[in-house]
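Next up, entry_21.cif (mmCIF, C-alpha atoms (C1' of nucleotides)):
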data_data
#
loop_
_atom_site.group_PDB
_atom_site.id
_atom_site.type_symbol
_atom_site.label_atom_id
_atom_site.label_comp_id
_atom_site.auth_asym_id
_atom_site.auth_seq_id
_atom_site.Cartn_x
_atom_site.Cartn_y
_atom_site.Cartn_z
ATOM 1 C CA MET A 679 0.000 0.000 0.000
ATOM 2 C CA ASN A 680 2.768 2.410 0.852
ATOM 3 C CA ARG A 681 0.355 4.840 2.444
ATOM 4 C CA THR A 682 1.653 7.554 4.718
ATOM 5 C CA THR A 683 -0.679 8.493 7.521
ATOM 6 C CA ILE A 684 -0.543 11.160 10.174
ATOM 7 C CA GLU A 685 0.544 8.421 12.540
ATOM 8 C CA ASP A 686 3.520 7.669 10.330
ATOM 9 C CA ALA A 687 4.567 11.266 10.696
ATOM 10 C CA LEU A 688 6.136 10.166 13.939
ATOM 11 C CA PHE A 689 8.815 8.244 12.164
ATOM 12 C CA PRO A 690 12.128 10.005 11.773
ATOM 13 C CA ASP A 691 12.534 9.853 8.022
ATOM 14 C CA CYS A 692 8.894 10.163 7.170
ATOM 15 C CA PRO A 693 8.229 12.154 3.985
ATOM 16 C CA ILE A 694 5.794 14.397 5.827
ATOM 17 C CA ARG A 695 8.475 15.514 8.227
ATOM 18 C CA ASN A 696 10.765 15.934 5.272
ATOM 19 C CA ILE A 697 8.330 18.213 3.483
ATOM 20 C CA LEU A 698 7.698 20.324 6.547
ATOM 21 C CA ALA A 699 11.384 20.523 7.409
ATOM 22 C CA ARG A 700 12.128 21.862 3.989
ATOM 23 C CA ILE A 701 9.810 24.835 4.242
ATOM 24 C CA SER A 702 10.643 25.546 7.860
ATOM 25 C CA ASP A 703 14.195 26.577 7.161
ATOM 26 C CA LYS A 704 15.370 30.106 7.711
ATOM 27 C CA TRP A 705 14.108 31.735 4.528
ATOM 28 C CA SER A 706 11.545 29.646 2.646
ATOM 29 C CA LEU A 707 8.395 30.939 4.272
ATOM 30 C CA LEU A 708 9.624 34.468 4.039
ATOM 31 C CA VAL A 709 10.229 34.098 0.325
ATOM 32 C CA ILE A 710 6.836 32.465 -0.165
ATOM 33 C CA TYR A 711 5.208 35.282 1.763
ATOM 34 C CA THR A 712 6.945 37.933 -0.208
ATOM 35 C CA LEU A 713 5.869 36.351 -3.460
ATOM 36 C CA ASP A 714 2.333 35.998 -2.157
ATOM 37 C CA LYS A 715 2.116 39.663 -1.223
ATOM 38 C CA SER A 716 2.644 40.691 -4.828
ATOM 39 C CA GLU A 717 -0.559 38.848 -5.745
ATOM 40 C CA LYS A 718 -0.642 37.995 -9.420
ATOM 41 C CA ALA A 719 2.489 39.752 -10.577
ATOM 42 C CA PRO A 720 5.655 37.668 -10.816
ATOM 43 C CA VAL A 721 8.635 39.126 -9.022
ATOM 44 C CA ARG A 722 12.192 39.493 -10.241
ATOM 45 C CA PHE A 723 15.186 38.230 -8.321
ATOM 46 C CA LYS A 724 16.527 41.659 -7.483
ATOM 47 C CA GLU A 725 13.131 42.846 -6.356
ATOM 48 C CA LEU A 726 12.849 39.905 -3.968
ATOM 49 C CA GLN A 727 16.222 40.814 -2.597
ATOM 50 C CA ARG A 728 15.074 44.338 -1.973
ATOM 51 C CA ARG A 729 11.925 43.208 -0.198
ATOM 52 C CA ILE A 730 13.869 40.834 2.069
ATOM 53 C CA PRO A 731 16.716 43.146 2.949
ATOM 54 C CA ASP A 732 18.684 40.802 5.172
ATOM 55 C CA ILE A 733 18.844 37.786 2.908
ATOM 56 C CA SER A 734 22.118 37.216 1.116
ATOM 57 C CA GLN A 735 22.219 36.715 -2.606
ATOM 58 C CA LYS A 736 23.431 33.181 -2.160
ATOM 59 C CA MET A 737 20.687 32.195 0.254
ATOM 60 C CA LEU A 738 18.043 33.735 -1.960
ATOM 61 C CA THR A 739 19.300 31.653 -4.856
ATOM 62 C CA VAL A 740 19.518 28.490 -2.775
ATOM 63 C CA THR A 741 16.082 29.015 -1.260
ATOM 64 C CA LEU A 742 14.443 29.730 -4.599
ATOM 65 C CA ARG A 743 16.054 26.680 -6.175
ATOM 66 C CA THR A 744 14.866 24.420 -3.400
ATOM 67 C CA LEU A 745 11.370 25.861 -3.570
ATOM 68 C CA GLU A 746 11.418 25.311 -7.299
ATOM 69 C CA GLU A 747 12.503 21.694 -6.924
ATOM 70 C CA ASP A 748 9.549 20.951 -4.682
ATOM 71 C CA GLY A 749 7.183 22.789 -6.972
ATOM 72 C CA TYR A 750 6.415 25.781 -4.767
ATOM 73 C CA VAL A 751 7.622 28.421 -7.194
ATOM 74 C CA THR A 752 8.069 28.673 -10.915
ATOM 75 C CA ARG A 753 11.125 30.263 -12.438
ATOM 76 C CA THR A 754 10.842 31.976 -15.793
ATOM 77 C CA ILE A 755 13.936 33.138 -17.629
ATOM 78 C CA TYR A 756 13.749 35.890 -20.221
ATOM 79 C CA PRO A 757 16.868 35.903 -22.399
ATOM 80 C CA GLU A 758 17.458 39.624 -22.201
ATOM 81 C CA VAL A 759 20.348 41.767 -21.172
ATOM 82 C CA PRO A 760 20.551 42.453 -18.322
ATOM 83 C CA PRO A 761 18.952 39.101 -17.509
ATOM 84 C CA ARG A 762 15.392 38.943 -16.304
ATOM 85 C CA VAL A 763 14.188 36.050 -14.189
ATOM 86 C CA GLU A 764 10.743 36.069 -12.689
ATOM 87 C CA TYR A 765 9.392 34.020 -9.831
ATOM 88 C CA SER A 766 5.835 33.241 -8.887
ATOM 89 C CA LEU A 767 3.917 30.852 -6.683
ATOM 90 C CA THR A 768 2.313 27.677 -7.921
ATOM 91 C CA GLY A 769 -1.181 26.472 -7.122
ATOM 92 C CA ARG A 770 0.368 24.058 -4.677
ATOM 93 C CA THR A 771 1.732 26.904 -2.625
ATOM 94 C CA LYS A 772 -1.543 28.738 -2.742
ATOM 95 C CA SER A 773 -3.254 25.726 -1.241
ATOM 96 C CA LEU A 774 -0.577 25.594 1.430
ATOM 97 C CA LEU A 775 -0.800 29.229 2.472
ATOM 98 C CA PRO A 776 -4.106 29.043 4.379
ATOM 99 C CA HIS A 777 -2.610 26.429 6.669
ATOM 100 C CA ILE A 778 0.476 28.487 7.262
ATOM 101 C CA ASN A 779 -1.706 31.505 7.891
ATOM 102 C CA SER A 780 -3.767 29.695 10.465
ATOM 103 C CA LEU A 781 -0.566 28.725 12.210
ATOM 104 C CA ILE A 782 0.647 32.297 12.126
ATOM 105 C CA GLY A 783 -2.724 33.420 13.422
ATOM 106 C CA TRP A 784 -2.339 31.093 16.358
ATOM 107 C CA ALA A 785 1.165 32.357 17.051
ATOM 108 C CA LEU A 786 -0.164 35.887 16.924
ATOM 109 C CA GLU A 787 -2.853 35.139 19.472
ATOM 110 C CA ASN A 788 -0.487 33.291 21.765
ATOM 111 C CA ARG A 789 2.599 35.368 21.411
ATOM 112 C CA GLU A 790 2.235 37.456 24.550
ATOM 113 C CA PRO A 791 1.644 34.622 27.012
ATOM 114 C CA ILE A 792 4.392 32.577 25.394
ATOM 115 C CA MET A 793 6.847 35.419 25.694
ATOM 116 C CA ARG A 794 5.818 35.959 29.300
ATOM 117 C CA ASP A 795 6.369 32.288 30.091
ATOM 118 C CA ARG A 796 9.711 32.346 28.378
ATOM 119 C CA LYS A 797 10.838 35.412 30.263
ATOM 120 C CA ARG A 798 9.708 33.923 33.539
ATOM 121 C CA ALA A 799 11.609 30.708 32.793
ATOM 122 C CA ALA A 800 14.743 32.686 32.039
ATOM 123 C CA GLY A 801 14.546 34.201 35.507
ATOM 124 C CA ASN A 802 15.226 30.865 37.159
ATOM 125 C CA MET B 395 0.495 49.816 20.470
ATOM 126 C CA ASN B 396 3.235 47.277 19.927
ATOM 127 C CA ARG B 397 0.939 45.063 17.948
ATOM 128 C CA THR B 398 2.357 42.272 15.873
ATOM 129 C CA THR B 399 0.419 41.543 12.730
ATOM 130 C CA ILE B 400 0.742 38.845 10.126
ATOM 131 C CA GLU B 401 2.423 41.430 7.951
ATOM 132 C CA ASP B 402 5.086 41.936 10.577
ATOM 133 C CA ALA B 403 5.836 38.250 10.366
ATOM 134 C CA LEU B 404 8.001 39.180 7.414
ATOM 135 C CA PHE B 405 10.547 40.853 9.580
ATOM 136 C CA PRO B 406 13.563 38.785 10.484
ATOM 137 C CA ASP B 407 13.387 38.954 14.247
ATOM 138 C CA CYS B 408 9.645 38.980 14.510
ATOM 139 C CA PRO B 409 8.289 37.115 17.547
ATOM 140 C CA ILE B 410 5.974 35.086 15.340
ATOM 141 C CA ARG B 411 8.872 33.708 13.357
ATOM 142 C CA ASN B 412 10.637 33.103 16.606
ATOM 143 C CA ILE B 413 7.755 31.079 18.010
ATOM 144 C CA LEU B 414 7.380 29.013 14.873
ATOM 145 C CA ALA B 415 11.122 28.448 14.547
ATOM 146 C CA ARG B 416 11.216 27.086 18.033
ATOM 147 C CA ILE B 417 8.689 24.327 17.419
ATOM 148 C CA SER B 418 9.980 23.524 13.962
ATOM 149 C CA ASP B 419 13.266 22.145 15.137
ATOM 150 C CA LYS B 420 14.159 18.513 14.764
ATOM 151 C CA TRP B 421 12.325 17.050 17.740
ATOM 152 C CA SER B 422 9.717 19.385 19.246
ATOM 153 C CA LEU B 423 6.729 18.366 17.176
ATOM 154 C CA LEU B 424 7.599 14.727 17.587
ATOM 155 C CA VAL B 425 7.691 15.092 21.348
ATOM 156 C CA ILE B 426 4.423 17.020 21.340
ATOM 157 C CA TYR B 427 2.844 14.344 19.200
ATOM 158 C CA THR B 428 4.033 11.574 21.391
ATOM 159 C CA LEU B 429 2.650 13.281 24.462
ATOM 160 C CA ASP B 430 -0.618 13.946 22.667
ATOM 161 C CA LYS B 431 -1.031 10.301 21.717
ATOM 162 C CA SER B 432 -1.103 9.297 25.357
ATOM 163 C CA GLU B 433 -4.213 11.421 25.850
ATOM 164 C CA LYS B 434 -4.745 12.253 29.476
ATOM 165 C CA ALA B 435 -1.973 10.271 31.054
ATOM 166 C CA PRO B 436 1.282 12.088 31.764
ATOM 167 C CA VAL B 437 4.361 10.372 30.404
ATOM 168 C CA ARG B 438 7.661 9.723 32.084
ATOM 169 C CA PHE B 439 10.998 10.678 30.596
ATOM 170 C CA LYS B 440 12.131 7.136 29.978
ATOM 171 C CA GLU B 441 8.828 6.226 28.411
ATOM 172 C CA LEU B 442 9.145 9.130 25.982
ATOM 173 C CA GLN B 443 12.566 7.916 25.072
ATOM 174 C CA ARG B 444 11.205 4.479 24.346
ATOM 175 C CA ARG B 445 8.462 5.871 22.150
ATOM 176 C CA ILE B 446 10.895 8.012 20.162
ATOM 177 C CA PRO B 447 13.613 5.446 19.707
ATOM 178 C CA ASP B 448 16.074 7.568 17.755
ATOM 179 C CA ILE B 449 16.189 10.601 20.027
ATOM 180 C CA SER B 450 19.227 10.895 22.239
ATOM 181 C CA GLN B 451 18.887 11.460 25.943
ATOM 182 C CA LYS B 452 20.445 14.857 25.645
ATOM 183 C CA MET B 453 18.156 16.033 22.876
ATOM 184 C CA LEU B 454 15.100 14.779 24.709
ATOM 185 C CA THR B 455 16.125 16.794 27.745
ATOM 186 C CA VAL B 456 16.904 19.890 25.720
ATOM 187 C CA THR B 457 13.683 19.653 23.736
ATOM 188 C CA LEU B 458 11.529 19.133 26.808
ATOM 189 C CA ARG B 459 13.161 22.062 28.593
ATOM 190 C CA THR B 460 12.576 24.378 25.683
ATOM 191 C CA LEU B 461 8.987 23.245 25.363
ATOM 192 C CA GLU B 462 8.546 23.833 29.061
ATOM 193 C CA GLU B 463 9.995 27.342 28.857
ATOM 194 C CA ASP B 464 7.467 28.316 26.218
ATOM 195 C CA GLY B 465 4.639 26.720 28.143
ATOM 196 C CA TYR B 466 3.932 23.795 25.851
ATOM 197 C CA VAL B 467 4.545 21.078 28.412
ATOM 198 C CA THR B 468 4.429 20.828 32.151
ATOM 199 C CA ARG B 469 7.079 19.010 34.081
ATOM 200 C CA THR B 470 6.206 17.372 37.379
ATOM 201 C CA ILE B 471 8.916 16.000 39.609
ATOM 202 C CA TYR B 472 8.153 13.325 42.165
ATOM 203 C CA PRO B 473 10.940 13.086 44.731
ATOM 204 C CA GLU B 474 11.228 9.334 44.648
ATOM 205 C CA VAL B 475 14.024 6.935 44.048
ATOM 206 C CA PRO B 476 14.560 6.187 41.270
ATOM 207 C CA PRO B 477 13.376 9.639 40.202
ATOM 208 C CA ARG B 478 10.027 10.088 38.535
ATOM 209 C CA VAL B 479 9.371 13.041 36.268
ATOM 210 C CA GLU B 480 6.177 13.278 34.303
ATOM 211 C CA TYR B 481 5.418 15.377 31.284
ATOM 212 C CA SER B 482 2.110 16.453 29.836
ATOM 213 C CA LEU B 483 0.745 18.974 27.379
ATOM 214 C CA THR B 484 -0.745 22.303 28.360
ATOM 215 C CA GLY B 485 -3.955 23.801 27.057
ATOM 216 C CA ARG B 486 -1.853 26.040 24.869
ATOM 217 C CA THR B 487 -0.457 23.053 23.030
ATOM 218 C CA LYS B 488 -3.881 21.512 22.660
ATOM 219 C CA SER B 489 -5.057 24.662 20.910
ATOM 220 C CA LEU B 490 -2.003 24.520 18.679
ATOM 221 C CA LEU B 491 -2.377 20.927 17.595
ATOM 222 C CA PRO B 492 -5.312 21.379 15.201
ATOM 223 C CA HIS B 493 -3.259 23.843 13.182
ATOM 224 C CA ILE B 494 -0.318 21.499 13.061
ATOM 225 C CA ASN B 495 -2.637 18.684 12.069
ATOM 226 C CA SER B 496 -4.089 20.661 9.215
ATOM 227 C CA LEU B 497 -0.570 21.329 8.001
ATOM 228 C CA ILE B 498 0.301 17.656 8.240
ATOM 229 C CA GLY B 499 -2.907 16.846 6.427
ATOM 230 C CA TRP B 500 -1.860 19.118 3.618
ATOM 231 C CA ALA B 501 1.576 17.535 3.455
ATOM 232 C CA LEU B 502 -0.067 14.142 3.337
ATOM 233 C CA GLU B 503 -2.258 15.128 0.410
ATOM 234 C CA ASN B 504 0.595 16.743 -1.467
ATOM 235 C CA ARG B 505 3.385 14.393 -0.666
ATOM 236 C CA GLU B 506 3.315 12.332 -3.831
ATOM 237 C CA PRO B 507 3.349 15.191 -6.337
ATOM 238 C CA ILE B 508 6.003 16.990 -4.309
ATOM 239 C CA MET B 509 8.202 13.926 -4.276
ATOM 240 C CA ARG B 510 7.677 13.480 -8.004
ATOM 241 C CA ASP B 511 8.655 17.077 -8.681
ATOM 242 C CA ARG B 512 11.696 16.734 -6.509
ATOM 243 C CA LYS B 513 12.800 13.571 -8.240
ATOM 244 C CA ARG B 514 12.301 15.145 -11.639
ATOM 245 C CA ALA B 515 14.352 18.188 -10.592
ATOM 246 C CA ALA B 516 17.142 15.926 -9.412
ATOM 247 C CA GLY B 517 17.309 14.426 -12.897
ATOM 248 C CA ASN B 518 18.540 17.697 -14.394
ATOM 249 C "C1'" DT C 534 29.050 -7.147 45.876
ATOM 250 C "C1'" DC C 535 27.406 -6.004 41.544
ATOM 251 C "C1'" DA C 536 24.050 -4.647 38.256
ATOM 252 C "C1'" DA C 537 19.847 -2.221 37.030
ATOM 253 C "C1'" DT C 538 16.922 1.683 37.117
ATOM 254 C "C1'" DT C 539 15.758 6.694 36.458
ATOM 255 C "C1'" DA C 540 16.571 11.348 34.930
ATOM 256 C "C1'" DG C 541 19.492 13.772 34.028
ATOM 257 C "C1'" DT C 542 24.518 16.771 33.131
ATOM 258 C "C1'" DT C 543 28.839 17.620 30.882
ATOM 259 C "C1'" DA C 544 32.618 17.873 27.561
ATOM 260 C "C1'" DC C 545 33.682 16.978 23.207
ATOM 261 C "C1'" DT C 546 32.862 16.182 18.276
ATOM 262 C "C1'" DA C 547 30.691 16.421 13.757
ATOM 263 C "C1'" DC C 548 27.908 18.129 10.340
ATOM 264 C "C1'" DG C 549 24.865 20.894 7.832
ATOM 265 C "C1'" DA C 550 23.112 25.413 7.255
ATOM 266 C "C1'" DT C 551 24.267 29.905 6.595
ATOM 267 C "C1'" DG C 552 27.190 34.082 5.709
ATOM 268 C "C1'" DT C 553 31.010 36.725 3.143
ATOM 269 C "C1'" DA C 554 33.499 38.188 -0.556
ATOM 270 C "C1'" DA C 555 35.059 37.850 -4.977
ATOM 271 C "C1'" DC C 556 34.106 36.780 -9.547
ATOM 272 C "C1'" DC C 557 31.440 36.227 -14.193
ATOM 273 C "C1'" DA C 558 28.936 37.948 -18.735
ATOM 274 C "C1'" DT C 559 26.528 41.400 -21.361
ATOM 275 C "C1'" DT C 560 24.722 45.736 -22.461
ATOM 276 C "C1'" DG C 561 23.694 50.723 -21.919
ATOM 277 C "C1'" DT C 562 25.049 54.968 -19.864
ATOM 278 C "C1'" DT C 563 28.381 58.787 -18.390
ATOM 279 C "C1'" DA D 1191 37.286 54.100 -20.169
ATOM 280 C "C1'" DA D 1192 34.711 53.047 -16.408
ATOM 281 C "C1'" DC D 1193 30.647 52.005 -14.046
ATOM 282 C "C1'" DA D 1194 25.848 50.319 -13.128
ATOM 283 C "C1'" DA D 1195 22.525 46.815 -13.552
ATOM 284 C "C1'" DT D 1196 21.010 41.834 -13.406
ATOM 285 C "C1'" DG D 1197 21.224 37.091 -11.853
ATOM 286 C "C1'" DG D 1198 23.802 34.429 -10.729
ATOM 287 C "C1'" DT D 1199 28.351 30.940 -9.106
ATOM 288 C "C1'" DT D 1200 32.259 29.688 -6.304
ATOM 289 C "C1'" DA D 1201 35.494 29.036 -2.476
ATOM 290 C "C1'" DC D 1202 36.006 29.721 2.014
ATOM 291 C "C1'" DA D 1203 34.846 30.709 6.876
ATOM 292 C "C1'" DT D 1204 31.766 30.369 10.649
ATOM 293 C "C1'" DC D 1205 27.876 29.286 13.401
ATOM 294 C "C1'" DG D 1206 24.454 26.593 15.498
ATOM 295 C "C1'" DT D 1207 22.236 22.245 15.977
ATOM 296 C "C1'" DA D 1208 22.594 17.738 17.051
ATOM 297 C "C1'" DG D 1209 25.102 13.345 18.319
ATOM 298 C "C1'" DT D 1210 28.351 10.463 21.454
ATOM 299 C "C1'" DA D 1211 30.118 8.857 25.471
ATOM 300 C "C1'" DA D 1212 31.090 9.196 30.035
ATOM 301 C "C1'" DC D 1213 29.624 10.535 34.444
ATOM 302 C "C1'" DT D 1214 26.263 11.382 38.520
ATOM 303 C "C1'" DA D 1215 22.941 9.988 42.781
ATOM 304 C "C1'" DA D 1216 20.080 6.902 45.377
ATOM 305 C "C1'" DT D 1217 17.838 2.765 45.930
ATOM 306 C "C1'" DT D 1218 16.286 -2.107 44.983
ATOM 307 C "C1'" DG D 1219 17.088 -6.783 43.583
ATOM 308 C "C1'" DA D 1220 20.102 -10.867 42.503
#

Produce structure tokens that represent the structure in this file.
Amino acid sequence: MNRTTIEDALFPDCPIRNILARISDKWSLLVIYTLDKSEKAPVRFKELQRRIPDISQKMLTVTLRTLEEDGYVTRTIYPEVPPRVEYSLTGRTKSLLPHINSLIGWALENREPIMRDRKRAAGN
Amino acid sequence: MNRTTIEDALFPDCPIRNILARISDKWSLLVIYTLDKSEKAPVRFKELQRRIPDISQKMLTVTLRTLEEDGYVTRTIYPEVPPRVEYSLTGRTKSLLPHINSLIGWALENREPIMRDRKRAAGN
DNA sequence: TCAATTAGTTACTACGATGTAACCATTGTT
DNA sequence: AACAATGGTTACATCGTAGTAACTAATTGA
């Protein structure tokens, strides 16, 4: 059968964990978010860099390539000079975003008590 | 006001990103899941270790301590010999779990096409 | 007397993720 | 002639996360 269930997600090399690990790195969600904010319009590499000021060129490239491999973004090259490369989100990512947003919503609601707990714990 | 909005989640040191980063490390969700599976009953340290066979003692300790700091688990020490320490989830974690589950559900639905895309990309 | 049990701590090591800086090609502009 | 702009790549350095092994205390059981 080779089915993967939520239960299987407990196992260390489970594909589900693998998928989640890959988007929970330092930059992926931020890149996805930045692309999402521009709605329909694709965004150029340099523009992404400007909108995420603290990402290095290398990490932007690496992150975009990984996202492309897993089918989260499409990469379109226009053979012009200077080069133009445009990135946009796939339908897959658009179906993912509501779940991420609900998680962010939760974090938003719980941020103050969490931070209080953390601060209190640091006092010990 | 000091409000944090979803938009602010773009910023690098945003508390939201911080909260999410902290549970998206290698072991936290697995520990949370394992505690959740035991429903009402608190779980002892050694029992957790048995249920997550590949976690090292050190990482289980570190993960539990971090989860405790942020108020995801409670830690109850019974001064017996040999020592007994029991862990259980807080209400906060129980409100978080549905969001995590919906994310896992999404990963489950999308796992096959993602893996296909990834394999295809590796072929280039 | 020796081992087992529990819940850790500590020092050390290893590895993967990330950052930095330099470099590339091509064209238009000053 | 030199520089800016774009979208990268590469080598190297560093940083943080995680893993390994040894050690601890107190008691029970063989």

Least-squares superposed chain A, target chain B, every Cα, as a CSV table (one decimal) with C-alpha atoms, in the coordinates of the input:
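Ended up saving to superposed.csv:
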chain,number,residue,atom,x,y,z
A,679,MET,CA,0.7,50.0,20.3
A,680,ASN,CA,3.3,47.3,19.9
A,681,ARG,CA,1.0,45.1,17.9
A,682,THR,CA,2.3,42.3,15.8
A,683,THR,CA,0.4,41.5,12.7
A,684,ILE,CA,0.7,38.8,10.1
A,685,GLU,CA,2.3,41.5,7.9
A,686,ASP,CA,5.0,42.0,10.6
A,687,ALA,CA,5.8,38.3,10.3
A,688,LEU,CA,7.9,39.2,7.4
A,689,PHE,CA,10.4,40.9,9.5
A,690,PRO,CA,13.5,38.9,10.4
A,691,ASP,CA,13.3,39.0,14.2
A,692,CYS,CA,9.6,39.0,14.5
A,693,PRO,CA,8.3,37.1,17.5
A,694,ILE,CA,6.0,35.1,15.3
A,695,ARG,CA,8.9,33.7,13.4
A,696,ASN,CA,10.6,33.1,16.6
A,697,ILE,CA,7.8,31.1,18.0
A,698,LEU,CA,7.4,29.0,14.9
A,699,ALA,CA,11.2,28.5,14.6
A,700,ARG,CA,11.3,27.1,18.1
A,701,ILE,CA,8.8,24.4,17.4
A,702,SER,CA,10.1,23.5,14.0
A,703,ASP,CA,13.4,22.2,15.2
A,704,LYS,CA,14.3,18.6,14.8
A,705,TRP,CA,12.4,17.1,17.8
A,706,SER,CA,9.8,19.4,19.3
A,707,LEU,CA,6.8,18.4,17.2
A,708,LEU,CA,7.7,14.8,17.6
A,709,VAL,CA,7.8,15.1,21.3
A,710,ILE,CA,4.5,17.1,21.3
A,711,TYR,CA,2.9,14.4,19.2
A,712,THR,CA,4.1,11.6,21.4
A,713,LEU,CA,2.7,13.3,24.4
A,714,ASP,CA,-0.5,14.0,22.6
A,715,LYS,CA,-0.9,10.3,21.6
A,716,SER,CA,-1.1,9.3,25.3
A,717,GLU,CA,-4.2,11.4,25.7
A,718,LYS,CA,-4.7,12.3,29.3
A,719,ALA,CA,-2.0,10.3,30.9
A,720,PRO,CA,1.3,12.1,31.7
A,721,VAL,CA,4.4,10.3,30.3
A,722,ARG,CA,7.6,9.7,32.1
A,723,PHE,CA,11.0,10.6,30.6
A,724,LYS,CA,12.1,7.1,30.0
A,725,GLU,CA,8.9,6.2,28.3
A,726,LEU,CA,9.2,9.1,25.9
A,727,GLN,CA,12.6,7.9,25.1
A,728,ARG,CA,11.3,4.5,24.3
A,729,ARG,CA,8.6,5.9,22.1
A,730,ILE,CA,11.0,8.1,20.1
A,731,PRO,CA,13.7,5.5,19.7
A,732,ASP,CA,16.2,7.7,17.8
A,733,ILE,CA,16.3,10.7,20.1
A,734,SER,CA,19.3,11.0,22.3
A,735,GLN,CA,18.9,11.5,26.0
A,736,LYS,CA,20.5,14.9,25.8
A,737,MET,CA,18.2,16.1,23.0
A,738,LEU,CA,15.2,14.8,24.8
A,739,THR,CA,16.1,16.8,27.8
A,740,VAL,CA,16.9,19.9,25.8
A,741,THR,CA,13.7,19.7,23.8
A,742,LEU,CA,11.6,19.1,26.9
A,743,ARG,CA,13.2,22.1,28.7
A,744,THR,CA,12.6,24.4,25.8
A,745,LEU,CA,9.0,23.3,25.4
A,746,GLU,CA,8.6,23.8,29.1
A,747,GLU,CA,10.0,27.3,28.9
A,748,ASP,CA,7.5,28.3,26.3
A,749,GLY,CA,4.7,26.7,28.2
A,750,TYR,CA,4.0,23.8,25.8
A,751,VAL,CA,4.6,21.1,28.4
A,752,THR,CA,4.4,20.8,32.2
A,753,ARG,CA,7.1,19.0,34.1
A,754,THR,CA,6.1,17.3,37.4
A,755,ILE,CA,8.8,15.9,39.6
A,756,TYR,CA,8.0,13.2,42.2
A,757,PRO,CA,10.7,12.9,44.8
A,758,GLU,CA,11.0,9.2,44.7
A,759,VAL,CA,13.8,6.8,44.1
A,760,PRO,CA,14.4,6.1,41.3
A,761,PRO,CA,13.2,9.5,40.3
A,762,ARG,CA,9.9,10.0,38.5
A,763,VAL,CA,9.3,13.0,36.3
A,764,GLU,CA,6.2,13.2,34.3
A,765,TYR,CA,5.4,15.4,31.3
A,766,SER,CA,2.1,16.4,29.8
A,767,LEU,CA,0.8,19.0,27.3
A,768,THR,CA,-0.7,22.3,28.3
A,769,GLY,CA,-3.9,23.8,27.0
A,770,ARG,CA,-1.8,26.0,24.9
A,771,THR,CA,-0.4,23.1,23.0
A,772,LYS,CA,-3.8,21.5,22.6
A,773,SER,CA,-5.0,24.7,20.9
A,774,LEU,CA,-2.0,24.5,18.7
A,775,LEU,CA,-2.3,20.9,17.6
A,776,PRO,CA,-5.3,21.4,15.2
A,777,HIS,CA,-3.2,23.8,13.2
A,778,ILE,CA,-0.3,21.5,13.0
A,779,ASN,CA,-2.6,18.7,12.1
A,780,SER,CA,-4.1,20.7,9.2
A,781,LEU,CA,-0.6,21.3,8.0
A,782,ILE,CA,0.3,17.7,8.2
A,783,GLY,CA,-3.0,16.8,6.5
A,784,TRP,CA,-1.9,19.1,3.6
A,785,ALA,CA,1.5,17.5,3.5
A,786,LEU,CA,-0.1,14.1,3.4
A,787,GLU,CA,-2.3,15.1,0.4
A,788,ASN,CA,0.5,16.7,-1.5
A,789,ARG,CA,3.3,14.4,-0.7
A,790,GLU,CA,3.2,12.3,-3.8
A,791,PRO,CA,3.3,15.1,-6.3
A,792,ILE,CA,5.9,16.9,-4.3
A,793,MET,CA,8.1,13.9,-4.3
A,794,ARG,CA,7.6,13.4,-8.0
A,795,ASP,CA,8.6,17.0,-8.7
A,796,ARG,CA,11.6,16.7,-6.5
A,797,LYS,CA,12.7,13.5,-8.2
A,798,ARG,CA,12.2,15.1,-11.6
A,799,ALA,CA,14.3,18.1,-10.5
A,800,ALA,CA,17.1,15.9,-9.3
A,801,GLY,CA,17.3,14.3,-12.8
A,802,ASN,CA,18.5,17.6,-14.3

Problem - Point-to-point distance in Å for CA of Val709 in chain A and CA of Pro507 in chain B - result: 21.2 Å

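Closest approach to DA555 in chain C among D:DT1218, D:DC1202, D:DG1197, D:DA1192: D:DC1202, based on only C-alpha atoms (C1' of nucleotides).
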
Exercise for the section: For range 514-516 of chain B, list every protein, DNA or RNA residue within 9 Å, evaluated using only C-alpha atoms (C1' of nucleotides), and leave out those in the same chain fewer than 5 positions away; present the list as a list in words. Expected result: Glu746, Glu747 and Asp748 of chain A; Met509 of chain B

Exercise for the section: Using only C-alpha atoms (C1' of nucleotides), pick whichever of A:Thr739, A:Asn696, A:Ser734, A:Ser706 has the shortest atom-to-atom distance to chain D. Expected result: A:Thr739

Practice task
When you get a sec, could you note down which chain D residues fall within 10 Å of chain B, using all atoms listed in the file, as an MDAnalysis selection string?
Solution key: chainID D and resid 1207:1210 1215:1218

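For Glu790 in chain A, the non-local neighbours within 10 Å, defined as residues at least 5 positions apart in the same chain or in other chains and counting all atoms listed in the file, are A:Ala785, A:Asp795, A:Arg796, B:Thr398, B:Pro409.
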
Keeping only C-alpha atoms, take the residues you just selected and write them out as a PDB file, keeping the file's coordinate frame.
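Below you can see out.pdb, which holds the result:
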ATOM      1  CA  ALA A 785       1.165  32.357  17.051  1.00  0.00           C
ATOM      2  CA  ASP A 795       6.369  32.288  30.091  1.00  0.00           C
ATOM      3  CA  ARG A 796       9.711  32.346  28.378  1.00  0.00           C
TER       4      ARG A 796
ATOM      5  CA  THR B 398       2.357  42.272  15.873  1.00  0.00           C
ATOM      6  CA  PRO B 409       8.289  37.115  17.547  1.00  0.00           C
TER       7      PRO B 409
END

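We find CA of Ser489 in chain B and CA of Trp784 in chain A to be spaced 8.3 Å apart.
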
Completion exercise
re C1' of DC556 in chain C and CA of Thr752 in chain A: distance 27.3 Å

Practice task
Run the PyMOL selection byres ((chain C) within 10 of (chain A)) mentally over the shown coordinates, then write out the matched residues as a ChimeraX atom specification, using the chain letters and numbers from the document.
Solution key: /C:550-553,558-561
